[in-house]
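Undergrad: One structure is given below, represented as structure tokens, and several questions about it will come after.
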Amino acid sequence: MVAALLSDLFESHRAHLLSVAYRLTGSVGDAEDAVQESWLRLAGAHQSEIEDLRAWLTTVVSRICLDRLRSAAARRESYVGQWLPEPVVTARTPSSAPDPLEAVVRKQECRFAALVVLDTLTPPQRVAFVLHDGLSVPFDEIADILGISADAARQLAVRARKAVARTPQPVADAEHEAAVQRFLTALSSGDVAAVAAALHPDAVTIGDANGTTATAVNVLHGADRIARFYLGLVRKYGLQDTPLDFEFASVNGQLGLVVAARPAEEGRAGYPTRVVGFTVCDGLVWGTYDLANPAKLGGIRLG
């Protein structure tokens, strides 16, 4: 009876814990593993020592994620090209019984551009910012997790806040979708001027494949350069003759694409399954994110 009650209490906090863990790690697998590990720690803890279960679990998950962030930082040193967070990809219409992560990424703070910026922070900065600005955890508790003073934790959050402030705020779904559709229509026209006009002047394109397939190895900046890059891909893969096989999906809560794999044929290069996400600013596509590393596509939940 006690074990069943404890399990029910834990499940009531699962969505919250997944939200915390995903924002802290930017990884679907790490987030789910951290939440599962927090359950194992709860099951082995003395219940009489826990005054606030939600706060206790949040602290435990944060410490687990901090360890995973430090491990990820080491992995990134040998990573080929750019590093992007793992997307959560869901159907355009929410399922009747959505899993917790599907609900989590429909929140603005989990939109893809925000996670991209969080990935540029140091692990302590990310923990301080997410816990304080996102969850209102006091700095003295954050300091205890990080093993530093409360003032040092406050300064970490300040620096992180400045970095996050440079990211465009999510726009309404209708504006986002109109901008993405305009960009795709321009691509199909093959007109570089039309594609550039659908892109924000400060547009960026980031690819993540870890050397497994072709993508942008470096971050691309500027509408004209990005337009020429994408039209080059259209020519390389013969997409002017055989249209791209894709389906619309929600990538972290807003319209994106899941592009089906295409085998190589004589005279035409092939490519693997990939996910493309977008950020929109001022009615134009500001960010495009090409996620082609198979190891980062575990968050596709279209079924």
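By order in the structure tokens, chains are A, B, ...; within a chain, residues start at 1; ligands start at 1, following the order shown.
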Excluding Ala43 (chain A) and any residue of its chain fewer than 4 positions from it, enumerate the residues within 12 Å of it, using only C-alpha atoms, and give them as a ChimeraX atom specification.
TA: /A:2-7,9-10,36-39,47,50,57
Undergrad: List the spatial neighbours of region 22-25 of chain A as a PyMOL selection string - criterion: any atom at most 9 Å away, only C-alpha atoms, same-chain residues fewer than 5 positions off excluded.
TA: chain A and resi 17+30-32+62+65-66+68-69+72+85+101+104+109-110+115+118-119+123+126-127+130-131
Undergrad: Excluding same-chain residues fewer than 5 positions from region 273-279 of chain A, what lies within 7 Å of it counting only C-alpha atoms, as a list in words?
TA: Ala113, Val251, Gly256, Leu257, Val258, Val259, Ala260, Ala261, Val285, Trp286, Gly287, Thr288, Tyr289, Asp290, Leu291 and Ala292 of chain A
Undergrad: With all heavy atoms retained, export the selected residues as a JSON list (two decimals), in the first residue's frame.
TA:
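New file selection_28.json:
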```json
[["chain", "number", "residue", "atom", "x", "y", "z"],
["A", 113, "ALA", "N", 14.57, 27.34, -30.29],
["A", 113, "ALA", "CA", 15.57, 28.40, -30.22],
["A", 113, "ALA", "C", 16.05, 28.62, -28.80],
["A", 113, "ALA", "O", 17.23, 28.89, -28.56],
["A", 113, "ALA", "CB", 14.99, 29.70, -30.78],
["A", 251, "VAL", "N", 7.74, 20.44, -34.05],
["A", 251, "VAL", "CA", 9.10, 20.29, -33.52],
["A", 251, "VAL", "C", 9.20, 21.21, -32.31],
["A", 251, "VAL", "O", 9.19, 22.43, -32.45],
["A", 251, "VAL", "CB", 10.16, 20.65, -34.59],
["A", 251, "VAL", "CG1", 11.57, 20.53, -34.01],
["A", 251, "VAL", "CG2", 10.00, 19.75, -35.81],
["A", 256, "GLY", "N", 7.34, 22.17, -38.01],
["A", 256, "GLY", "CA", 8.62, 21.78, -38.57],
["A", 256, "GLY", "C", 8.40, 20.63, -39.54],
["A", 256, "GLY", "O", 7.25, 20.33, -39.91],
["A", 257, "LEU", "N", 9.48, 20.00, -39.95],
["A", 257, "LEU", "CA", 9.40, 18.93, -40.94],
["A", 257, "LEU", "C", 10.11, 17.67, -40.46],
["A", 257, "LEU", "O", 11.14, 17.75, -39.79],
["A", 257, "LEU", "CB", 10.06, 19.35, -42.26],
["A", 257, "LEU", "CG", 9.72, 20.70, -42.86],
["A", 257, "LEU", "CD1", 10.57, 20.93, -44.11],
["A", 257, "LEU", "CD2", 8.25, 20.78, -43.20],
["A", 258, "VAL", "N", 9.57, 16.52, -40.85],
["A", 258, "VAL", "CA", 10.28, 15.26, -40.76],
["A", 258, "VAL", "C", 10.50, 14.81, -42.20],
["A", 258, "VAL", "O", 9.54, 14.54, -42.93],
["A", 258, "VAL", "CB", 9.49, 14.19, -39.98],
["A", 258, "VAL", "CG1", 10.25, 12.87, -39.98],
["A", 258, "VAL", "CG2", 9.24, 14.65, -38.55],
["A", 259, "VAL", "N", 11.76, 14.78, -42.61],
["A", 259, "VAL", "CA", 12.11, 14.46, -43.99],
["A", 259, "VAL", "C", 12.45, 12.98, -44.08],
["A", 259, "VAL", "O", 13.33, 12.50, -43.37],
["A", 259, "VAL", "CB", 13.28, 15.32, -44.47],
["A", 259, "VAL", "CG1", 13.63, 15.00, -45.92],
["A", 259, "VAL", "CG2", 12.97, 16.80, -44.32],
["A", 260, "ALA", "N", 11.76, 12.27, -44.96],
["A", 260, "ALA", "CA", 11.99, 10.83, -45.10],
["A", 260, "ALA", "C", 13.33, 10.57, -45.78],
["A", 260, "ALA", "O", 13.78, 11.36, -46.63],
["A", 260, "ALA", "CB", 10.86, 10.20, -45.91],
["A", 261, "ALA", "N", 13.97, 9.47, -45.41],
["A", 261, "ALA", "CA", 15.26, 9.10, -46.01],
["A", 261, "ALA", "C", 15.07, 8.80, -47.49],
["A", 261, "ALA", "O", 14.01, 8.37, -47.94],
["A", 261, "ALA", "CB", 15.81, 7.87, -45.30],
["A", 285, "VAL", "N", 11.51, 33.70, -41.47],
["A", 285, "VAL", "CA", 12.27, 32.59, -40.86],
["A", 285, "VAL", "C", 13.61, 33.14, -40.38],
["A", 285, "VAL", "O", 14.43, 33.61, -41.17],
["A", 285, "VAL", "CB", 12.46, 31.45, -41.86],
["A", 285, "VAL", "CG1", 13.44, 30.41, -41.29],
["A", 285, "VAL", "CG2", 11.12, 30.78, -42.16],
["A", 286, "TRP", "N", 13.83, 33.06, -39.09],
["A", 286, "TRP", "CA", 15.06, 33.56, -38.46],
["A", 286, "TRP", "C", 16.08, 32.43, -38.24],
["A", 286, "TRP", "O", 17.27, 32.61, -38.40],
["A", 286, "TRP", "CB", 14.74, 34.23, -37.13],
["A", 286, "TRP", "CG", 15.91, 34.75, -36.37],
["A", 286, "TRP", "CD1", 16.47, 35.99, -36.47],
["A", 286, "TRP", "CD2", 16.68, 34.05, -35.37],
["A", 286, "TRP", "NE1", 17.54, 36.12, -35.60],
["A", 286, "TRP", "CE2", 17.69, 34.94, -34.92],
["A", 286, "TRP", "CE3", 16.60, 32.77, -34.82],
["A", 286, "TRP", "CZ2", 18.62, 34.57, -33.94],
["A", 286, "TRP", "CZ3", 17.52, 32.41, -33.84],
["A", 286, "TRP", "CH2", 18.52, 33.31, -33.41],
["A", 287, "GLY", "N", 15.58, 31.25, -37.88],
["A", 287, "GLY", "CA", 16.47, 30.12, -37.62],
["A", 287, "GLY", "C", 15.97, 28.86, -38.29],
["A", 287, "GLY", "O", 14.76, 28.58, -38.30],
["A", 288, "THR", "N", 16.89, 28.11, -38.91],
["A", 288, "THR", "CA", 16.57, 26.77, -39.41],
["A", 288, "THR", "C", 17.58, 25.81, -38.80],
["A", 288, "THR", "O", 18.77, 26.10, -38.73],
["A", 288, "THR", "CB", 16.63, 26.68, -40.95],
["A", 288, "THR", "OG1", 17.92, 27.08, -41.41],
["A", 288, "THR", "CG2", 15.58, 27.56, -41.58],
["A", 289, "TYR", "N", 17.08, 24.66, -38.36],
["A", 289, "TYR", "CA", 17.89, 23.69, -37.65],
["A", 289, "TYR", "C", 17.74, 22.32, -38.31],
["A", 289, "TYR", "O", 16.65, 21.75, -38.33],
["A", 289, "TYR", "CB", 17.45, 23.61, -36.18],
["A", 289, "TYR", "CG", 17.28, 24.97, -35.55],
["A", 289, "TYR", "CD1", 16.00, 25.54, -35.42],
["A", 289, "TYR", "CD2", 18.38, 25.72, -35.14],
["A", 289, "TYR", "CE1", 15.83, 26.80, -34.87],
["A", 289, "TYR", "CE2", 18.21, 26.98, -34.58],
["A", 289, "TYR", "CZ", 16.93, 27.52, -34.45],
["A", 289, "TYR", "OH", 16.77, 28.77, -33.91],
["A", 290, "ASP", "N", 18.84, 21.84, -38.88],
["A", 290, "ASP", "CA", 18.84, 20.58, -39.60],
["A", 290, "ASP", "C", 19.41, 19.50, -38.70],
["A", 290, "ASP", "O", 20.62, 19.45, -38.45],
["A", 290, "ASP", "CB", 19.68, 20.71, -40.88],
["A", 290, "ASP", "CG", 19.76, 19.41, -41.65],
["A", 290, "ASP", "OD1", 18.81, 18.61, -41.56],
["A", 290, "ASP", "OD2", 20.78, 19.19, -42.33],
["A", 291, "LEU", "N", 18.56, 18.64, -38.18],
["A", 291, "LEU", "CA", 18.98, 17.58, -37.25],
["A", 291, "LEU", "C", 19.02, 16.27, -38.00],
["A", 291, "LEU", "O", 17.99, 15.66, -38.30],
["A", 291, "LEU", "CB", 18.01, 17.52, -36.07],
["A", 291, "LEU", "CG", 18.07, 18.78, -35.20],
["A", 291, "LEU", "CD1", 16.72, 19.45, -35.15],
["A", 291, "LEU", "CD2", 18.59, 18.46, -33.82],
["A", 292, "ALA", "N", 20.25, 15.83, -38.30],
["A", 292, "ALA", "CA", 20.42, 14.64, -39.13],
["A", 292, "ALA", "C", 21.24, 13.56, -38.44],
["A", 292, "ALA", "O", 21.53, 12.53, -39.05],
["A", 292, "ALA", "CB", 21.08, 15.02, -40.45]]
```
Undergrad: For a quick check of understanding, using only C-alpha atoms, which of A:Val180, A:Val88, A:Ala203, A:Leu156 has the smallest distance to Val219 (chain A)?
TA: A:Ala203
Undergrad: At a cut-off of 9 Å, using only C-alpha atoms, what residues contact region 161-171 of chain A? Leave out same-chain residues fewer than 3 positions from it and give the result as a PyMOL selection string.
TA: chain A and resi 108-109+111+113-114+117-118+120-121+129+133+156-158+174-176+279-283+286
Undergrad: Which residue, A:Ile145, A:Ala172, A:Arg268, A:Gly253, has the smallest gap to Phe112 (chain A) when you use only C-alpha atoms?
TA: A:Gly253
Undergrad: Just list the residues in region 113-284 of chain A DSSP gives alpha helix (DSSP H) on the backbone, as a CSV table (one decimal) with N, CA, C and O atoms, in the first residue's frame.
TA:
```
chain,number,residue,atom,x,y,z
A,113,ALA,N,14.6,27.3,-30.3
A,113,ALA,CA,15.6,28.4,-30.2
A,113,ALA,C,16.0,28.6,-28.8
A,113,ALA,O,17.2,28.9,-28.6
A,114,ALA,N,15.1,28.5,-27.8
A,114,ALA,CA,15.5,28.7,-26.4
A,114,ALA,C,16.5,27.6,-26.0
A,114,ALA,O,17.5,27.9,-25.3
A,115,LEU,N,16.2,26.4,-26.4
A,115,LEU,CA,17.1,25.3,-26.0
A,115,LEU,C,18.5,25.4,-26.7
A,115,LEU,O,19.5,25.0,-26.1
A,116,VAL,N,18.5,25.9,-27.9
A,116,VAL,CA,19.8,26.1,-28.6
A,116,VAL,C,20.7,27.1,-27.8
A,116,VAL,O,21.9,26.9,-27.6
A,117,VAL,N,20.1,28.1,-27.3
A,117,VAL,CA,20.8,29.1,-26.5
A,117,VAL,C,21.3,28.4,-25.2
A,117,VAL,O,22.4,28.6,-24.7
A,118,LEU,N,20.4,27.7,-24.6
A,118,LEU,CA,20.8,27.0,-23.3
A,118,LEU,C,22.0,26.1,-23.5
A,118,LEU,O,22.8,25.9,-22.6
A,123,PRO,N,27.4,24.3,-17.8
A,123,PRO,CA,26.4,23.5,-17.0
A,123,PRO,C,26.0,24.3,-15.7
A,123,PRO,O,24.7,24.4,-15.5
A,124,PRO,N,26.8,25.0,-14.9
A,124,PRO,CA,26.3,25.7,-13.8
A,124,PRO,C,25.4,26.9,-14.2
A,124,PRO,O,24.4,27.1,-13.5
A,125,GLN,N,25.8,27.6,-15.3
A,125,GLN,CA,24.9,28.7,-15.7
A,125,GLN,C,23.5,28.2,-16.1
A,125,GLN,O,22.5,28.8,-15.7
A,126,ARG,N,23.5,27.1,-16.8
A,126,ARG,CA,22.2,26.5,-17.2
A,126,ARG,C,21.4,26.1,-16.1
A,126,ARG,O,20.1,26.4,-16.0
A,127,VAL,N,22.0,25.4,-15.1
A,127,VAL,CA,21.2,25.0,-13.9
A,127,VAL,C,20.7,26.2,-13.1
A,127,VAL,O,19.5,26.2,-12.8
A,128,ALA,N,21.5,27.2,-12.9
A,128,ALA,CA,21.1,28.4,-12.2
A,128,ALA,C,20.0,29.1,-12.9
A,128,ALA,O,19.0,29.5,-12.3
A,129,PHE,N,20.1,29.2,-14.2
A,129,PHE,CA,19.0,30.0,-15.0
A,129,PHE,C,17.7,29.2,-15.0
A,129,PHE,O,16.6,29.7,-14.7
A,135,LEU,N,11.8,28.1,-12.7
A,135,LEU,CA,11.1,27.4,-11.6
A,135,LEU,C,11.0,28.1,-10.3
A,135,LEU,O,10.5,27.6,-9.3
A,139,PHE,N,18.0,31.0,-4.7
A,139,PHE,CA,19.4,30.9,-5.0
A,139,PHE,C,20.2,30.1,-3.9
A,139,PHE,O,21.2,29.5,-4.3
A,140,ASP,N,19.7,30.1,-2.7
A,140,ASP,CA,20.4,29.3,-1.7
A,140,ASP,C,20.3,27.8,-2.0
A,140,ASP,O,21.2,27.1,-1.7
A,141,GLU,N,19.1,27.4,-2.5
A,141,GLU,CA,19.0,26.0,-2.8
A,141,GLU,C,19.8,25.7,-4.1
A,141,GLU,O,20.4,24.6,-4.2
A,142,ILE,N,19.8,26.6,-5.1
A,142,ILE,CA,20.6,26.4,-6.3
A,142,ILE,C,22.1,26.3,-5.9
A,142,ILE,O,22.8,25.4,-6.4
A,143,ALA,N,22.5,27.2,-5.0
A,143,ALA,CA,23.9,27.1,-4.5
A,143,ALA,C,24.3,25.8,-3.9
A,143,ALA,O,25.4,25.3,-4.1
A,144,ASP,N,23.3,25.2,-3.2
A,144,ASP,CA,23.6,23.9,-2.5
A,144,ASP,C,23.8,22.8,-3.6
A,144,ASP,O,24.6,22.0,-3.5
A,145,ILE,N,23.0,22.9,-4.7
A,145,ILE,CA,23.1,21.9,-5.7
A,145,ILE,C,24.5,22.1,-6.4
A,145,ILE,O,25.1,21.1,-6.8
A,146,LEU,N,24.9,23.3,-6.7
A,146,LEU,CA,26.1,23.6,-7.4
A,146,LEU,C,27.4,23.6,-6.6
A,146,LEU,O,28.5,23.6,-7.1
A,150,ALA,N,25.4,31.5,-2.6
A,150,ALA,CA,24.2,32.0,-3.2
A,150,ALA,C,24.5,33.2,-4.2
A,150,ALA,O,23.9,33.3,-5.2
A,151,ASP,N,25.5,34.0,-3.8
A,151,ASP,CA,25.8,35.2,-4.7
A,151,ASP,C,26.4,34.7,-6.0
A,151,ASP,O,26.1,35.2,-7.0
A,152,ALA,N,27.2,33.7,-5.9
A,152,ALA,CA,27.8,33.1,-7.1
A,152,ALA,C,26.8,32.5,-8.0
A,152,ALA,O,26.8,32.7,-9.3
A,153,ALA,N,25.8,31.8,-7.4
A,153,ALA,CA,24.7,31.3,-8.2
A,153,ALA,C,23.9,32.4,-8.9
A,153,ALA,O,23.4,32.3,-10.0
A,154,ARG,N,23.7,33.5,-8.2
A,154,ARG,CA,22.9,34.6,-8.7
A,154,ARG,C,23.7,35.2,-9.9
A,154,ARG,O,23.1,35.5,-10.9
A,155,GLN,N,25.0,35.3,-9.8
A,155,GLN,CA,25.8,35.8,-10.9
A,155,GLN,C,25.7,34.9,-12.2
A,155,GLN,O,25.7,35.4,-13.3
A,156,LEU,N,25.7,33.6,-11.9
A,156,LEU,CA,25.6,32.7,-13.0
A,156,LEU,C,24.3,32.9,-13.8
A,156,LEU,O,24.2,32.8,-15.0
A,157,ALA,N,23.2,33.0,-13.0
A,157,ALA,CA,21.9,33.3,-13.6
A,157,ALA,C,21.8,34.6,-14.4
A,157,ALA,O,21.2,34.6,-15.5
A,158,VAL,N,22.5,35.6,-13.9
A,158,VAL,CA,22.5,36.9,-14.6
A,158,VAL,C,23.2,36.8,-15.9
A,158,VAL,O,22.7,37.2,-17.0
A,159,ARG,N,24.3,36.1,-16.0
A,159,ARG,CA,25.1,35.9,-17.3
A,159,ARG,C,24.2,35.1,-18.2
A,159,ARG,O,24.2,35.3,-19.4
A,160,ALA,N,23.6,34.0,-17.7
A,160,ALA,CA,22.8,33.2,-18.6
A,160,ALA,C,21.6,34.0,-19.1
A,160,ALA,O,21.2,33.9,-20.3
A,161,ARG,N,21.0,34.8,-18.3
A,161,ARG,CA,19.8,35.6,-18.7
A,161,ARG,C,20.2,36.5,-19.8
A,161,ARG,O,19.4,36.7,-20.7
A,162,LYS,N,21.3,37.1,-19.8
A,162,LYS,CA,21.8,38.0,-20.9
A,162,LYS,C,21.9,37.3,-22.2
A,162,LYS,O,21.6,37.8,-23.2
A,163,ALA,N,22.4,36.0,-22.1
A,163,ALA,CA,22.6,35.2,-23.3
A,163,ALA,C,21.2,34.9,-23.9
A,163,ALA,O,20.9,35.0,-25.1
A,164,VAL,N,20.3,34.5,-23.0
A,164,VAL,CA,19.0,34.0,-23.5
A,164,VAL,C,18.2,35.2,-24.1
A,164,VAL,O,17.4,35.0,-25.0
A,173,ASP,N,1.4,30.7,-33.3
A,173,ASP,CA,1.5,29.6,-34.2
A,173,ASP,C,1.2,30.0,-35.7
A,173,ASP,O,1.8,29.6,-36.6
A,174,ALA,N,0.1,30.8,-35.8
A,174,ALA,CA,-0.3,31.3,-37.2
A,174,ALA,C,0.8,32.0,-37.9
A,174,ALA,O,1.1,31.8,-39.1
A,175,GLU,N,1.5,32.9,-37.2
A,175,GLU,CA,2.6,33.7,-37.8
A,175,GLU,C,3.8,32.7,-38.1
A,175,GLU,O,4.4,32.9,-39.2
A,176,HIS,N,4.1,31.8,-37.2
A,176,HIS,CA,5.2,30.9,-37.4
A,176,HIS,C,4.9,30.0,-38.7
A,176,HIS,O,5.8,29.9,-39.5
A,177,GLU,N,3.7,29.5,-38.8
A,177,GLU,CA,3.3,28.6,-39.9
A,177,GLU,C,3.3,29.4,-41.2
A,177,GLU,O,3.8,28.8,-42.2
A,178,ALA,N,2.8,30.6,-41.2
A,178,ALA,CA,2.8,31.4,-42.5
A,178,ALA,C,4.2,31.6,-43.0
A,178,ALA,O,4.5,31.5,-44.2
A,179,ALA,N,5.2,31.9,-42.0
A,179,ALA,CA,6.5,32.2,-42.4
A,179,ALA,C,7.2,31.0,-43.0
A,179,ALA,O,8.0,31.0,-44.0
A,180,VAL,N,7.0,29.8,-42.3
A,180,VAL,CA,7.6,28.6,-42.8
A,180,VAL,C,7.0,28.2,-44.2
A,180,VAL,O,7.8,27.8,-45.1
A,181,GLN,N,5.7,28.3,-44.3
A,181,GLN,CA,5.1,28.0,-45.6
A,181,GLN,C,5.7,28.9,-46.7
A,181,GLN,O,5.9,28.4,-47.9
A,182,ARG,N,5.9,30.2,-46.4
A,182,ARG,CA,6.4,31.1,-47.4
A,182,ARG,C,7.8,30.7,-47.8
A,182,ARG,O,8.2,30.7,-49.0
A,183,PHE,N,8.6,30.3,-46.8
A,183,PHE,CA,10.0,29.9,-47.1
A,183,PHE,C,10.0,28.6,-48.0
A,183,PHE,O,10.8,28.5,-48.9
A,184,LEU,N,9.2,27.6,-47.7
A,184,LEU,CA,9.1,26.4,-48.5
A,184,LEU,C,8.7,26.7,-49.9
A,184,LEU,O,9.2,26.1,-50.8
A,185,THR,N,7.7,27.6,-50.0
A,185,THR,CA,7.2,27.9,-51.4
A,185,THR,C,8.3,28.6,-52.2
A,185,THR,O,8.5,28.3,-53.4
A,186,ALA,N,9.1,29.5,-51.5
A,186,ALA,CA,10.2,30.1,-52.2
A,186,ALA,C,11.2,29.1,-52.6
A,186,ALA,O,11.8,29.2,-53.7
A,187,LEU,N,11.5,28.1,-51.8
A,187,LEU,CA,12.5,27.1,-52.1
A,187,LEU,C,12.1,26.3,-53.4
A,187,LEU,O,12.9,26.0,-54.2
A,188,SER,N,10.8,26.0,-53.4
A,188,SER,CA,10.3,25.2,-54.6
A,188,SER,C,10.4,26.1,-55.9
A,188,SER,O,10.4,25.5,-57.0
A,189,SER,N,10.4,27.4,-55.8
A,189,SER,CA,10.5,28.2,-57.0
A,189,SER,C,11.9,28.2,-57.6
A,189,SER,O,12.1,28.5,-58.7
A,192,VAL,N,16.6,32.5,-55.9
A,192,VAL,CA,17.4,32.9,-54.8
A,192,VAL,C,16.9,34.1,-54.1
A,192,VAL,O,16.9,34.2,-52.8
A,193,ALA,N,16.4,35.1,-54.9
A,193,ALA,CA,15.9,36.3,-54.3
A,193,ALA,C,14.6,36.0,-53.5
A,193,ALA,O,14.4,36.7,-52.4
A,194,ALA,N,13.8,35.2,-54.0
A,194,ALA,CA,12.5,34.8,-53.3
A,194,ALA,C,12.8,34.1,-51.9
A,194,ALA,O,12.2,34.4,-50.9
A,195,VAL,N,13.8,33.2,-52.0
A,195,VAL,CA,14.2,32.5,-50.7
A,195,VAL,C,14.8,33.5,-49.7
A,195,VAL,O,14.4,33.5,-48.5
A,196,ALA,N,15.7,34.4,-50.2
A,196,ALA,CA,16.3,35.3,-49.3
A,196,ALA,C,15.2,36.3,-48.7
A,196,ALA,O,15.3,36.6,-47.5
A,197,ALA,N,14.2,36.6,-49.5
A,197,ALA,CA,13.1,37.5,-49.0
A,197,ALA,C,12.3,36.8,-47.9
A,197,ALA,O,11.7,37.5,-47.1
A,223,ALA,N,20.7,36.1,-44.8
A,223,ALA,CA,19.6,35.6,-45.7
A,223,ALA,C,20.2,35.1,-47.1
A,223,ALA,O,19.8,34.1,-47.6
A,224,ASP,N,21.0,35.9,-47.7
A,224,ASP,CA,21.5,35.6,-49.0
A,224,ASP,C,22.3,34.3,-49.0
A,224,ASP,O,22.2,33.4,-49.8
A,225,ARG,N,23.3,34.2,-48.0
A,225,ARG,CA,24.1,33.1,-48.0
A,225,ARG,C,23.3,31.8,-47.7
A,225,ARG,O,23.6,30.7,-48.3
A,226,ILE,N,22.3,31.9,-46.8
A,226,ILE,CA,21.5,30.7,-46.5
A,226,ILE,C,20.6,30.3,-47.6
A,226,ILE,O,20.5,29.2,-47.9
A,227,ALA,N,20.1,31.3,-48.4
A,227,ALA,CA,19.3,31.0,-49.5
A,227,ALA,C,20.1,30.3,-50.6
A,227,ALA,O,19.6,29.3,-51.1
A,228,ARG,N,21.3,30.7,-50.8
A,228,ARG,CA,22.2,30.0,-51.8
A,228,ARG,C,22.5,28.6,-51.3
A,228,ARG,O,22.6,27.6,-52.1
A,229,PHE,N,22.7,28.5,-50.0
A,229,PHE,CA,23.0,27.1,-49.4
A,229,PHE,C,21.9,26.2,-49.7
A,229,PHE,O,22.1,25.0,-50.2
A,230,TYR,N,20.6,26.6,-49.4
A,230,TYR,CA,19.5,25.7,-49.5
A,230,TYR,C,19.2,25.4,-51.0
A,230,TYR,O,18.9,24.2,-51.4
A,231,LEU,N,19.4,26.3,-51.9
A,231,LEU,CA,19.2,26.1,-53.3
A,231,LEU,C,20.3,25.2,-53.8
A,231,LEU,O,20.0,24.4,-54.8
A,232,GLY,N,21.4,25.2,-53.2
A,232,GLY,CA,22.5,24.3,-53.6
A,232,GLY,C,22.1,22.9,-53.2
A,232,GLY,O,22.4,21.9,-54.0
A,233,LEU,N,21.5,22.7,-52.1
A,233,LEU,CA,21.0,21.4,-51.7
A,233,LEU,C,19.9,20.9,-52.6
A,233,LEU,O,19.9,19.7,-53.0
A,234,VAL,N,19.0,21.8,-53.1
A,234,VAL,CA,18.0,21.4,-54.0
A,234,VAL,C,18.6,20.8,-55.3
A,234,VAL,O,18.2,19.8,-55.8
A,235,ARG,N,19.7,21.5,-55.8
A,235,ARG,CA,20.3,21.0,-57.0
A,235,ARG,C,21.1,19.7,-56.7
A,235,ARG,O,21.0,18.7,-57.5
A,236,LYS,N,21.8,19.6,-55.6
A,236,LYS,CA,22.6,18.4,-55.3
A,236,LYS,C,21.7,17.2,-55.2
A,236,LYS,O,22.1,16.1,-55.7
```
Undergrad: Among region 193-249 of chain A, which ones does DSSP place in strand (DSSP E or B), written as a PyMOL selection string?
TA: chain A and resi 199-208+220-221+246-249
Undergrad: Work out how far CA of Ala216 (chain A) is from CA of Glu266 (chain A), in Å to one decimal.
TA: 23.6 Å
Undergrad: Please report the interatomic distance between CA of Thr213 (chain A) and CA of Thr90 (chain A) in Å with one decimal.
TA: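 Going from CA of Thr213 (chain A) over to CA of Thr90 (chain A), I get 23.7 Å.
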Undergrad: Between CA of Ala214 (chain A) and CA of Tyr271 (chain A), what distance in Å does the model show, to one decimal?
TA: 7.9 Å
Undergrad: Which residues, written as an mmCIF file with N, CA, C and O atoms, in the first residue's frame, have at least one atom at most 9 Å from Val35 (chain A), with only C-alpha atoms counted and residues fewer than 6 positions away on the same chain left out?
TA:
```cif
data_model
loop_
_atom_site.group_PDB
_atom_site.id
_atom_site.type_symbol
_atom_site.label_atom_id
_atom_site.label_comp_id
_atom_site.auth_asym_id
_atom_site.auth_seq_id
_atom_site.Cartn_x
_atom_site.Cartn_y
_atom_site.Cartn_z
ATOM 1 N N ARG A 14 5.733 13.557 -12.518
ATOM 2 C CA ARG A 14 6.578 13.124 -13.643
ATOM 3 C C ARG A 14 6.687 14.199 -14.725
ATOM 4 O O ARG A 14 7.781 14.480 -15.222
ATOM 5 N N LEU A 17 8.993 16.912 -13.650
ATOM 6 C CA LEU A 17 10.390 16.472 -13.615
ATOM 7 C C LEU A 17 10.961 16.334 -15.021
ATOM 8 O O LEU A 17 12.122 16.679 -15.269
ATOM 9 N N LEU A 18 10.167 15.843 -15.959
ATOM 10 C CA LEU A 18 10.622 15.754 -17.346
ATOM 11 C C LEU A 18 10.890 17.140 -17.918
ATOM 12 O O LEU A 18 11.853 17.350 -18.661
ATOM 13 N N ALA A 21 14.185 18.255 -16.432
ATOM 14 C CA ALA A 21 15.325 17.496 -16.955
ATOM 15 C C ALA A 21 15.586 17.789 -18.427
ATOM 16 O O ALA A 21 16.748 17.874 -18.852
ATOM 17 N N LEU A 57 12.359 16.182 -5.232
ATOM 18 C CA LEU A 57 12.589 15.535 -6.524
ATOM 19 C C LEU A 57 13.240 16.490 -7.517
ATOM 20 O O LEU A 57 14.098 16.081 -8.305
ATOM 21 N N VAL A 61 16.709 15.582 -9.379
ATOM 22 C CA VAL A 61 16.810 15.562 -10.835
ATOM 23 C C VAL A 61 17.840 16.577 -11.312
ATOM 24 O O VAL A 61 18.617 16.316 -12.241
ATOM 25 N N ILE A 64 21.320 15.177 -10.851
ATOM 26 C CA ILE A 64 21.590 14.137 -11.847
ATOM 27 C C ILE A 64 21.876 14.783 -13.203
ATOM 28 O O ILE A 64 22.822 14.404 -13.903
#
```
